[in-house]
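Raw contents of query_19.cif, mmCIF, C-alpha atoms and all ligand atoms:
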```
data_my_file
#
loop_
_atom_site.label_atom_id
_atom_site.label_comp_id
_atom_site.auth_asym_id
_atom_site.auth_seq_id
_atom_site.Cartn_x
_atom_site.Cartn_y
_atom_site.Cartn_z
CA MET V 1140 104.47 96.26 77.76
CA VAL V 1141 105.80 97.58 81.05
CA ARG V 1142 107.85 95.25 83.16
CA VAL V 1143 108.71 95.96 86.79
CA PHE V 1144 111.25 93.99 88.75
CA VAL V 1145 109.91 93.54 92.28
CA VAL V 1146 112.42 92.96 95.09
CA ASN V 1147 111.57 91.84 98.62
CA SER V 1148 114.81 91.79 100.54
CA GLY V 1149 115.06 90.14 103.96
CA SER V 1150 118.02 89.93 106.30
CA SER V 1151 119.22 86.67 104.73
CA SER V 1152 117.08 86.37 101.61
CA ILE V 1153 116.13 88.11 98.38
CA LYS V 1154 112.75 87.30 96.80
CA TYR V 1155 112.16 88.66 93.32
CA GLN V 1156 109.58 88.72 90.54
CA LEU V 1157 109.62 90.22 87.08
CA VAL V 1158 106.03 91.38 86.54
CA ASP V 1159 104.33 92.56 83.35
CA VAL V 1160 101.94 95.18 84.71
CA VAL V 1161 99.74 95.22 81.60
CA SER V 1162 99.03 91.48 81.39
CA GLU V 1163 99.54 91.16 85.20
CA LYS V 1164 101.61 88.06 84.47
CA VAL V 1165 104.75 86.98 86.32
CA VAL V 1166 107.51 86.68 83.69
CA LEU V 1167 109.89 85.02 86.13
CA SER V 1168 110.42 84.75 89.86
CA GLY V 1169 112.94 83.34 92.30
CA LEU V 1170 114.48 83.37 95.72
CA LEU V 1171 117.99 83.53 97.17
CA GLU V 1172 118.29 82.14 100.68
CA ARG V 1173 120.75 81.92 103.56
CA LEU V 1174 122.76 84.95 102.41
CA GLY V 1175 126.02 85.15 104.30
CA GLN V 1176 125.64 81.64 105.73
CA PRO V 1177 127.73 78.58 104.88
CA GLY V 1178 126.25 76.90 101.80
CA GLY V 1179 123.95 79.89 101.18
CA ASP V 1180 123.12 81.32 97.76
CA ALA V 1181 125.45 84.33 98.13
CA ALA V 1182 127.81 86.02 100.59
CA ASP V 1183 125.77 89.23 100.95
CA HIS V 1184 123.03 91.28 99.27
CA GLU V 1185 125.44 92.84 96.78
CA SER V 1186 126.80 89.57 95.43
CA GLY V 1187 123.28 88.13 95.72
CA MET V 1188 121.94 90.81 93.41
CA ARG V 1189 124.67 89.93 90.88
CA VAL V 1190 123.46 86.32 91.00
CA VAL V 1191 119.90 87.54 90.41
CA LEU V 1192 121.05 89.66 87.45
CA ASP V 1193 122.80 86.62 86.03
CA ARG V 1194 119.60 84.59 86.33
CA LEU V 1195 117.64 87.36 84.61
CA GLY V 1196 119.96 87.14 81.60
CA SER V 1197 118.60 88.96 78.57
CA GLU V 1198 115.33 89.73 80.41
CA ALA V 1199 117.19 92.35 82.47
CA ALA V 1200 117.12 94.70 79.47
CA SER V 1201 113.30 94.76 79.55
CA ILE V 1202 113.05 96.15 83.10
CA ALA V 1203 111.39 99.59 83.18
CA ALA V 1204 111.59 100.07 86.94
CA VAL V 1205 112.49 98.24 90.13
CA GLY V 1206 109.91 98.14 92.93
CA HIS V 1207 111.20 97.54 96.45
CA ARG V 1208 109.05 96.38 99.35
CA VAL V 1209 109.94 98.42 102.44
CA VAL V 1210 108.30 97.51 105.73
CA HIS V 1211 108.38 100.80 107.62
CA GLY V 1212 108.04 104.29 106.21
CA GLY V 1213 107.44 105.93 109.59
CA SER V 1214 105.57 109.23 109.34
CA VAL V 1215 107.97 110.30 106.59
CA PHE V 1216 106.63 108.27 103.67
CA THR V 1217 102.93 108.49 102.83
CA ALA V 1218 103.12 107.04 99.31
CA PRO V 1219 105.55 105.18 97.03
CA VAL V 1220 108.63 107.26 96.12
CA VAL V 1221 111.40 107.14 93.55
CA ILE V 1222 114.55 106.26 95.47
CA ASP V 1223 117.50 108.62 95.62
CA ASP V 1224 120.17 109.04 98.28
CA ALA V 1225 117.85 111.21 100.39
CA VAL V 1226 115.13 108.51 100.34
CA GLU V 1227 117.71 105.89 101.36
CA ALA V 1228 118.67 108.15 104.26
CA GLY V 1229 114.98 108.53 105.19
CA ILE V 1230 114.48 104.76 105.26
CA GLN V 1231 117.59 104.52 107.44
CA THR V 1232 116.20 107.16 109.80
CA VAL V 1233 113.00 105.21 110.49
CA SER V 1234 114.89 101.91 110.92
CA ALA V 1235 114.61 102.19 114.70
CA LEU V 1236 110.88 101.44 114.23
CA ALA V 1237 111.58 98.19 112.31
CA PRO V 1238 115.09 97.11 113.31
CA LEU V 1239 114.79 93.65 111.76
CA HIS V 1240 113.22 94.69 108.47
CA ASN V 1241 114.28 98.14 107.30
CA PRO V 1242 118.05 97.56 107.33
CA ALA V 1243 117.48 94.38 105.30
CA ASN V 1244 115.23 96.23 102.85
CA LEU V 1245 117.87 98.93 102.57
CA ALA V 1246 120.62 96.40 101.84
CA GLY V 1247 118.50 95.11 98.96
CA ILE V 1248 117.89 98.63 97.66
CA ARG V 1249 121.58 99.52 97.71
CA ALA V 1250 122.56 96.26 95.99
CA ALA V 1251 119.86 96.61 93.33
CA ARG V 1252 120.74 100.24 92.59
CA LEU V 1253 124.34 99.10 92.00
CA ALA V 1254 123.27 96.17 89.83
CA LEU V 1255 120.66 98.11 87.82
CA PRO V 1256 121.87 101.73 87.86
CA SER V 1257 120.10 102.97 84.74
CA VAL V 1258 116.45 102.34 85.74
CA PRO V 1259 114.37 104.11 88.39
CA HIS V 1260 113.99 102.33 91.72
CA VAL V 1261 110.78 102.83 93.70
CA ALA V 1262 110.18 102.16 97.40
CA VAL V 1263 106.70 100.90 98.32
CA PHE V 1264 105.98 100.99 102.05
CA ASP V 1265 103.79 98.61 104.08
CA THR V 1266 102.83 101.52 106.30
CA ALA V 1267 102.17 104.27 103.71
CA PHE V 1268 98.49 103.53 102.95
CA HIS V 1269 97.58 103.93 106.63
CA GLN V 1270 99.12 107.39 106.96
CA SER V 1271 95.67 108.74 106.06
CA MET V 1272 94.32 107.58 109.44
CA PRO V 1273 92.92 110.40 111.55
CA ALA V 1274 94.90 111.36 114.64
CA ALA V 1275 92.17 109.87 116.83
CA ALA V 1276 92.90 106.41 115.38
CA ALA V 1277 96.68 106.79 115.21
CA THR V 1278 97.34 108.21 118.66
CA TYR V 1279 98.08 106.09 121.74
CA ALA V 1280 96.96 107.65 125.00
CA ILE V 1281 100.38 107.85 126.65
CA ASP V 1282 102.53 110.84 127.67
CA ARG V 1283 102.72 112.79 124.44
CA ALA V 1284 106.31 113.88 125.04
CA VAL V 1285 107.38 110.24 125.20
CA SER V 1286 105.43 109.43 122.02
CA ALA V 1287 107.03 112.35 120.21
CA GLU V 1288 110.52 111.42 121.31
CA HIS V 1289 110.22 107.78 120.20
CA GLY V 1290 107.90 108.06 117.20
CA ILE V 1291 105.22 106.09 119.01
CA ARG V 1292 101.86 105.97 117.23
CA ARG V 1293 99.78 103.51 115.27
CA TYR V 1294 101.35 103.05 111.83
CA GLY V 1295 99.70 99.87 110.57
CA PHE V 1296 101.07 97.39 108.02
CA HIS V 1297 99.93 95.28 105.04
CA GLY V 1298 99.00 98.65 103.50
CA THR V 1299 99.97 97.61 99.97
CA SER V 1300 97.68 94.59 100.26
CA HIS V 1301 94.77 96.49 101.84
CA GLN V 1302 94.91 99.16 99.13
CA PHE V 1303 95.17 96.64 96.29
CA VAL V 1304 92.33 94.50 97.64
CA ALA V 1305 90.10 97.55 98.18
CA GLY V 1306 90.59 98.54 94.53
CA ARG V 1307 89.76 95.05 93.29
CA ALA V 1308 86.70 94.90 95.57
CA ALA V 1309 85.37 98.13 94.05
CA ALA V 1310 85.92 96.73 90.54
CA LEU V 1311 84.10 93.53 91.49
CA LEU V 1312 81.16 95.51 92.92
CA GLY V 1313 81.17 97.78 89.85
CA ARG V 1314 81.20 100.89 92.05
CA PRO V 1315 83.72 103.71 92.48
CA LEU V 1316 86.09 103.08 95.39
CA ALA V 1317 85.48 106.66 96.51
CA SER V 1318 81.85 105.74 97.31
CA LEU V 1319 82.57 102.63 99.37
CA LYS V 1320 82.93 101.79 103.05
CA LEU V 1321 84.96 98.59 103.35
CA ILE V 1322 86.41 96.35 106.02
CA VAL V 1323 89.32 94.34 104.63
CA LEU V 1324 90.39 91.26 106.59
CA HIS V 1325 93.92 90.23 105.55
CA LEU V 1326 94.15 86.82 107.21
CA GLY V 1327 97.44 85.04 106.59
CA ASN V 1328 100.37 84.07 108.71
CA GLY V 1329 100.43 87.74 109.66
CA SER V 1330 96.92 89.18 109.87
CA SER V 1331 95.35 92.61 110.02
CA ALA V 1332 92.01 94.33 109.57
CA ALA V 1333 91.54 97.74 107.97
CA ALA V 1334 88.61 100.14 107.81
CA ILE V 1335 88.67 101.85 104.40
CA ASP V 1336 86.40 104.82 103.70
CA GLY V 1337 86.32 106.11 100.14
CA GLY V 1338 89.64 104.41 99.38
CA ARG V 1339 91.39 105.86 102.45
CA SER V 1340 92.47 103.84 105.46
CA ILE V 1341 90.79 105.28 108.56
CA ASP V 1342 91.82 102.58 111.06
CA THR V 1343 93.78 99.35 111.18
CA SER V 1344 94.49 96.66 113.73
CA MET V 1345 98.31 96.57 113.61
CA GLY V 1346 100.03 99.37 115.45
CA LEU V 1347 103.52 100.72 116.09
CA THR V 1348 104.60 97.21 115.12
CA PRO V 1349 102.95 94.25 113.36
CA LEU V 1350 102.36 92.61 116.75
CA ALA V 1351 99.01 94.26 117.53
CA GLY V 1352 95.50 93.27 116.57
CA LEU V 1353 94.30 89.90 115.29
CA VAL V 1354 95.44 86.45 116.41
CA MET V 1355 98.22 85.40 114.00
CA GLY V 1356 100.37 82.34 113.31
CA THR V 1357 102.92 83.02 116.04
CA ARG V 1358 102.03 86.57 117.17
CA SER V 1359 99.62 87.26 120.01
CA GLY V 1360 97.83 90.26 118.56
CA ASP V 1361 96.20 92.45 121.22
CA VAL V 1362 97.05 91.79 124.85
CA ASP V 1363 96.72 94.01 127.91
CA PRO V 1364 100.06 95.87 127.98
CA GLY V 1365 100.06 95.01 131.68
CA VAL V 1366 100.81 91.41 130.66
CA LEU V 1367 104.29 92.51 129.56
CA LEU V 1368 104.91 94.30 132.85
CA HIS V 1369 103.60 91.38 134.87
CA LEU V 1370 105.92 88.94 133.06
CA GLN V 1371 108.90 91.25 133.45
CA ARG V 1372 108.21 91.56 137.17
CA ALA V 1373 108.01 87.75 137.25
CA GLY V 1374 111.59 87.65 135.93
CA LEU V 1375 111.34 87.39 132.14
CA SER V 1376 113.76 89.62 130.23
CA GLY V 1377 112.67 92.01 127.51
CA ALA V 1378 114.06 89.60 124.91
CA GLU V 1379 112.08 86.73 126.43
CA VAL V 1380 108.83 88.69 126.39
CA ASP V 1381 109.59 89.70 122.79
CA ALA V 1382 110.14 86.06 121.77
CA LEU V 1383 107.00 84.97 123.64
CA LEU V 1384 104.67 87.49 122.00
CA ASN V 1385 106.20 87.45 118.50
CA SER V 1386 107.27 83.84 118.07
CA ARG V 1387 105.48 81.58 120.54
CA SER V 1388 101.97 83.03 120.70
CA GLY V 1389 98.98 83.19 118.38
CA LEU V 1390 97.82 79.86 116.93
CA LEU V 1391 101.16 78.28 117.84
CA GLY V 1392 100.86 79.29 121.47
CA LEU V 1393 97.23 78.23 121.80
CA ALA V 1394 97.11 75.12 119.65
CA GLY V 1395 100.70 73.98 119.05
CA SER V 1396 100.94 74.88 115.34
CA ALA V 1397 101.26 78.20 113.54
CA ASP V 1398 99.73 76.70 110.41
CA MET V 1399 95.96 77.20 110.28
CA ARG V 1400 95.48 73.95 108.33
CA ASP V 1401 96.92 72.00 111.28
CA VAL V 1402 94.74 73.87 113.74
CA THR V 1403 91.49 73.25 111.83
CA ALA V 1404 92.42 69.57 111.36
CA ALA V 1405 93.12 69.22 115.09
CA ALA V 1406 89.85 70.96 116.00
CA ALA V 1407 87.93 68.68 113.64
CA ALA V 1408 89.54 65.70 115.39
CA GLY V 1409 88.21 66.95 118.72
CA ASP V 1410 91.26 68.75 120.14
CA ALA V 1411 89.89 71.22 122.72
CA ASP V 1412 92.93 73.52 122.59
CA ALA V 1413 92.60 73.86 118.81
CA GLU V 1414 88.87 74.52 119.13
CA LEU V 1415 89.52 77.29 121.66
CA ALA V 1416 92.23 78.75 119.39
CA LEU V 1417 89.68 79.02 116.56
CA ASP V 1418 87.15 80.59 118.92
CA VAL V 1419 89.67 83.20 120.09
CA TRP V 1420 90.73 83.84 116.48
CA ALA V 1421 87.13 84.42 115.34
CA HIS V 1422 86.15 86.40 118.44
CA ARG V 1423 89.00 88.85 117.76
CA ILE V 1424 87.96 89.27 114.13
CA ARG V 1425 84.37 90.06 115.14
CA HIS V 1426 85.69 92.54 117.69
CA TYR V 1427 87.32 94.51 114.86
CA VAL V 1428 84.42 94.12 112.43
CA GLY V 1429 82.11 95.64 115.04
CA ALA V 1430 84.54 98.42 115.87
CA TYR V 1431 85.13 99.34 112.25
CA LEU V 1432 81.44 99.25 111.40
CA ALA V 1433 81.06 101.92 114.07
CA GLN V 1434 84.09 103.95 112.91
CA LEU V 1435 82.97 103.82 109.27
CA GLY V 1436 79.37 104.76 110.10
CA GLY V 1437 78.07 102.23 107.60
CA LEU V 1438 79.35 99.32 105.58
CA ASP V 1439 79.20 98.24 101.94
CA ALA V 1440 81.42 95.17 102.04
CA VAL V 1441 83.61 92.92 104.15
CA VAL V 1442 86.50 91.56 102.11
CA PHE V 1443 88.49 88.41 102.92
CA THR V 1444 92.04 88.03 101.60
CA ALA V 1445 95.43 86.28 102.11
CA GLY V 1446 96.13 82.59 102.79
CA ILE V 1447 93.35 81.92 105.29
CA GLY V 1448 90.90 84.51 103.96
CA GLU V 1449 91.18 83.24 100.38
CA ASN V 1450 91.23 79.51 101.04
CA ALA V 1451 89.35 78.57 104.19
CA ALA V 1452 85.58 78.75 103.57
CA ASP V 1453 84.76 77.24 106.98
CA LEU V 1454 86.84 79.91 108.75
CA ARG V 1455 85.25 82.75 106.77
CA ALA V 1456 81.87 81.46 107.95
CA ARG V 1457 83.16 81.10 111.50
CA ALA V 1458 84.58 84.64 111.54
CA LEU V 1459 81.26 86.27 110.62
CA ASP V 1460 79.06 83.84 112.55
CA GLY V 1461 76.19 85.56 114.36
CA LEU V 1462 76.47 88.90 112.54
CA GLY V 1463 73.28 88.47 110.50
CA HIS V 1464 71.60 91.24 112.52
CA LEU V 1465 74.16 93.64 111.00
CA GLY V 1466 73.25 92.53 107.48
CA LEU V 1467 76.36 90.39 107.33
CA ALA V 1468 75.70 86.93 105.98
CA ILE V 1469 77.46 84.30 103.91
CA ASP V 1470 75.81 82.05 101.32
CA ALA V 1471 77.00 78.49 102.02
CA ASP V 1472 77.09 77.40 98.36
CA ARG V 1473 78.89 80.51 97.14
CA ASN V 1474 81.33 80.33 100.04
CA GLY V 1475 82.08 76.66 99.44
CA ALA V 1476 82.57 76.88 95.66
CA PRO V 1477 86.29 76.56 94.94
CA SER V 1478 87.71 79.51 92.98
CA ARG V 1479 90.92 81.53 92.60
CA GLU V 1480 89.02 84.61 91.38
CA ALA V 1481 87.61 87.62 93.21
CA ARG V 1482 84.03 86.71 94.08
CA VAL V 1483 80.91 87.54 96.09
CA ILE V 1484 79.99 85.05 98.83
CA SER V 1485 77.06 86.89 100.46
CA PRO V 1486 73.50 85.96 99.47
CA GLU V 1487 71.85 87.72 96.52
CA GLY V 1488 70.54 91.12 97.61
CA ALA V 1489 72.27 91.12 101.01
CA PRO V 1490 72.56 94.64 102.51
CA VAL V 1491 76.33 94.19 103.01
CA ALA V 1492 78.39 92.34 100.42
CA VAL V 1493 80.91 89.75 101.61
CA LEU V 1494 83.75 89.20 99.15
CA VAL V 1495 86.81 87.04 98.67
CA VAL V 1496 89.52 88.96 96.81
CA PRO V 1497 92.94 87.37 96.26
CA THR V 1498 95.75 89.72 97.24
CA ASN V 1499 98.91 90.09 95.19
CA GLU V 1500 101.48 92.30 96.90
CA GLU V 1501 104.09 91.86 94.15
CA LEU V 1502 101.64 93.00 91.48
CA ALA V 1503 100.57 95.90 93.68
CA ILE V 1504 104.20 96.97 94.13
CA ALA V 1505 104.79 96.63 90.39
CA GLN V 1506 101.70 98.71 89.58
CA ALA V 1507 102.66 101.40 92.08
CA ALA V 1508 106.20 101.60 90.68
CA ALA V 1509 104.96 101.67 87.07
CA ALA V 1510 102.44 104.41 87.88
CA LEU V 1511 105.11 106.53 89.54
CA VAL V 1512 107.67 106.34 86.74
CA ALA V 1513 105.14 106.55 83.86
P1 LIG G 1 101.96 85.08 104.82
O1 LIG G 1 101.47 86.04 105.84
O2 LIG G 1 103.17 84.30 105.25
O3 LIG G 1 102.02 85.63 103.40
P2 LIG G 1 99.71 83.57 103.77
O4 LIG G 1 98.90 84.71 103.37
O5 LIG G 1 100.30 82.70 102.70
O6 LIG G 1 100.84 83.95 104.80
O7 LIG G 1 98.81 82.62 104.72
C1 LIG G 1 99.35 81.49 105.34
C2 LIG G 1 98.27 80.87 106.21
O8 LIG G 1 97.16 80.49 105.40
C3 LIG G 1 98.73 79.62 106.94
O9 LIG G 1 98.28 79.66 108.27
C4 LIG G 1 98.01 78.52 106.19
O10 LIG G 1 97.75 77.42 107.01
C5 LIG G 1 96.73 79.23 105.82
N1 LIG G 1 95.99 78.50 104.77
C6 LIG G 1 96.30 78.36 103.47
N2 LIG G 1 95.38 77.57 102.85
C7 LIG G 1 94.48 77.22 103.80
C8 LIG G 1 93.29 76.43 103.82
N3 LIG G 1 92.84 75.82 102.71
N4 LIG G 1 92.64 76.29 104.99
C9 LIG G 1 93.07 76.89 106.11
N5 LIG G 1 94.17 77.64 106.15
C10 LIG G 1 94.87 77.82 105.02
#
```
Using structure tokens, write down the structure from this file.
Ligand code: ADP
Amino acid sequence: MVRVFVVNSGSSSIKYQLVDVVSEKVVLSGLLERLGQPGGDAADHESGMRVVLDRLGSEAASIAAVGHRVVHGGSVFTAPVVIDDAVEAGIQTVSALAPLHNPANLAGIRAARLALPSVPHVAVFDTAFHQSMPAAAATYAIDRAVSAEHGIRRYGFHGTSHQFVAGRAAALLGRPLASLKLIVLHLGNGSSAAAIDGGRSIDTSMGLTPLAGLVMGTRSGDVDPGVLLHLQRAGLSGAEVDALLNSRSGLLGLAGSADMRDVTAAAAAGDADAELALDVWAHRIRHYVGAYLAQLGGLDAVVFTAGIGENAADLRARALDGLGHLGLAIDADRNGAPSREARVISPEGAPVAVLVVPTNEELAIAQAAAALVA
């Protein structure tokens, strides 16, 4: 029995799970919120972690390792690492690339190392899996001196999820991951696509930041960078453009709600804005499926995961609509059958498999930490 304590530390919250990596069961889980705010669960991350330890009680003694979710590993971290002071410094160094997330992750790491000093702590990075991308996919065509100075390149995110889901997809297909060409569509509140060749990420839709790519709950995904310049010339500040693209775009901007269930309900009721939002959402997904089919030079499976990908059969069908000529088809009965398990939804004998594979980032972090300290 190996138990890993998984910590996801935000600027004002600490989410945690104690995971048994053998049974894959969650032993316990919880959340501290509004850290440092009046009426919040704790004054800061350090006192918050003492509250968490208190809640763990006697279970704390069973922890073999602590796994920390870290958003940005820059070009420094290409895999999970055991945390020491040098790793903390490295996470600090790349904080400029994720100014909202990395400092919060680091606060959680420091607090947890103080609270649980006798077990190894492991950092698992959202970006690490995508460090295998070839330079052609990672490089933006701007002045290379500027890129070098500011660390500008495609990093990609959701890597822990993409890697986990790819592994489960291979198990479901009964084939070695090393032999498979996969497109994983992580469609949640945040969304990204990844092209995975032989278990390695070769391209992904998020970029320097998690703003690029697919249409998300509140994020625009891809726009002409000239849109930013045009708006700034029209008088919007940098902060206003930031808020527009990160917080008031995507489904929210197009249809008035960031929650896909609201958007599909509105579209079903005849709302034209919601219908267009779904069309834009699906159009963007097909754009990436086509691109990644070309980059992979073949395709064994398309894999749907995350809140929308796992739960919305109608949207899975909508996303791949019209791709039958590429061998991509969905069986209506299989797609519509309710299930929480990994499953095949393409017709029997289809040239490309279409799968639904539930993601589990906490389990993936726990497994990565357990593997590293074993
Ligand atoms: P996060 O990125 O916050 O982890 P999730 O992966 O939980 O997000 O996905 C949240 C999204 O999934 C929301 O837009 C929600 O509306 C959507 N979703 C969940 N269940 C359904 C469903 N049955 N039909 C359509 N959308 C769904």
What box, with edges along x, y and z, holds each listed atom of ligand LIG 1 (chain G) when 4 Å is added on every side, and can you state its centre and edge lengths in Å to one decimal, as lines of an AutoDock Vina configuration file?
```
center_x = 97.9
center_y = 80.9
center_z = 105.5
size_x = 18.5
size_y = 18.2
size_z = 13.6
```
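Going from CA of Val1491 in chain V to CA of Asp1470 in chain V covers 12.3 Å.
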Worksheet item: In terms of the shortest atom-to-atom distance over all atoms listed in the file, which of V:Leu1321, V:Ala1503, V:Met1399, V:Val1419 is closest to ligand LIG 1 (chain G)?
Response: V:Met1399
Report as CSV the residues of range 1307-1364 of chain V within 6 Å of range 1375-1396 of chain V, each with its shortest atom pair and distance in Å (one decimal), using all atoms listed in the file, ordered by chain and increasing residue number.
```
residue,atom,partner,partner_atom,distance
V:Val1354,CA,V:Gly1389,CA,5.2
V:Met1355,CA,V:Gly1389,CA,5.0
V:Gly1356,CA,V:Leu1390,CA,5.1
V:Thr1357,CA,V:Gly1389,CA,4.6
V:Arg1358,CA,V:Asn1385,CA,4.5
V:Ser1359,CA,V:Gly1389,CA,4.4
```
Discussion item. Let me make sure I understand: among V:Asp1398, V:Glu1500, V:Glu1480, V:Asp1460, which one has the smallest atom-to-atom distance to ligand LIG 1 (chain G) if we use only C-alpha atoms and all ligand atoms?
Written reply: V:Asp1398
Practice prompt. Could you pull out the residues sitting within 10 Å of ligand LIG 1 (chain G), using all atoms listed in the file, and write them as JSON, numbers by chain?
Written response: {"V": [1297, 1325, 1326, 1327, 1328, 1329, 1330, 1331, 1355, 1356, 1357, 1390, 1396, 1397, 1398, 1399, 1400, 1401, 1402, 1403, 1404, 1444, 1445, 1446, 1447, 1448, 1449, 1450, 1451, 1452, 1453, 1454, 1455, 1497, 1498, 1499, 1500]}
Fill in: Who sits within 7 Å of Ser1485 in chain V, all atoms listed in the file, same chain under 5 positions skipped, as a count of residues only
5
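Closest approach to Ser1340 in chain V from the set V:Leu1417, V:Leu1435, V:Ala1254, V:Ala1262 is made by V:Leu1435, with distances taken over all atoms listed in the file.
Proximity of V:Val1210, V:Ser1151, V:Ala1513, V:Ala1276 to Pro1238 in chain V, computed with only C-alpha atoms, is greatest for V:Val1210.
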Worksheet, complete the sentence: Restricting to only C-alpha atoms, whichever of V:His1269, V:His1369, V:Arg1189, V:Lys1164 is closest to Tyr1294 in chain V is V:His1269
Worksheet item: Nearest to Ala1332 in chain V among V:His1464, V:Arg1479, V:Arg1423, V:Arg1173, with distances taken over only C-alpha atoms: which residue is it?
Response: V:Arg1423
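CA of Ile1281 in chain V sits 22.1 Å away from CA of Tyr1427 in chain V.
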Item to complete: Extract, using only C-alpha atoms, all DNA, RNA and protein residues at most 12 Å from His1422 in chain V, discarding same-chain residues fewer than 3 positions from it, and format them as a ChimeraX atom specification.
Response: /V:1352-1354,1415-1419,1425-1429,1454,1457-1462
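Note that CA of Ser1257 in chain V and CA of Pro1242 in chain V are 23.3 Å apart.
For the point (118.1, 90.3, 94.2), the residues with an atom at a distance of at most 7 Å are V:Val1146, V:Ile1153, V:Lys1154, V:Tyr1155, V:Gly1187, V:Met1188, V:Val1191, V:Gly1247, V:Ala1251, counting all atoms listed in the file.
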Please return as a PDB file with C-alpha atoms, in the frame of the given file every residue within 6 Å of (106.1, 104.5, 93.1), taking into account all atoms listed in the file and the file's own coordinates.
```
ATOM      1  CA  PRO V1219     105.550 105.180  97.030  1.00  0.00           C
ATOM      2  CA  VAL V1220     108.630 107.260  96.120  1.00  0.00           C
ATOM      3  CA  VAL V1221     111.400 107.140  93.550  1.00  0.00           C
ATOM      4  CA  VAL V1261     110.780 102.830  93.700  1.00  0.00           C
ATOM      5  CA  ALA V1507     102.660 101.400  92.080  1.00  0.00           C
ATOM      6  CA  ALA V1508     106.200 101.600  90.680  1.00  0.00           C
ATOM      7  CA  LEU V1511     105.110 106.530  89.540  1.00  0.00           C
TER       8      LEU V1511
END
```
Item to complete: Would you list the contacts of His1211 in chain V as a ChimeraX atom specification, taking every protein, DNA or RNA residue within 9 Å and counting all atoms listed in the file, but skipping same-chain residues closer than 3 positions in sequence?
Response: /V:1216,1230,1233-1234,1236-1237,1240-1241,1264-1267,1294,1296
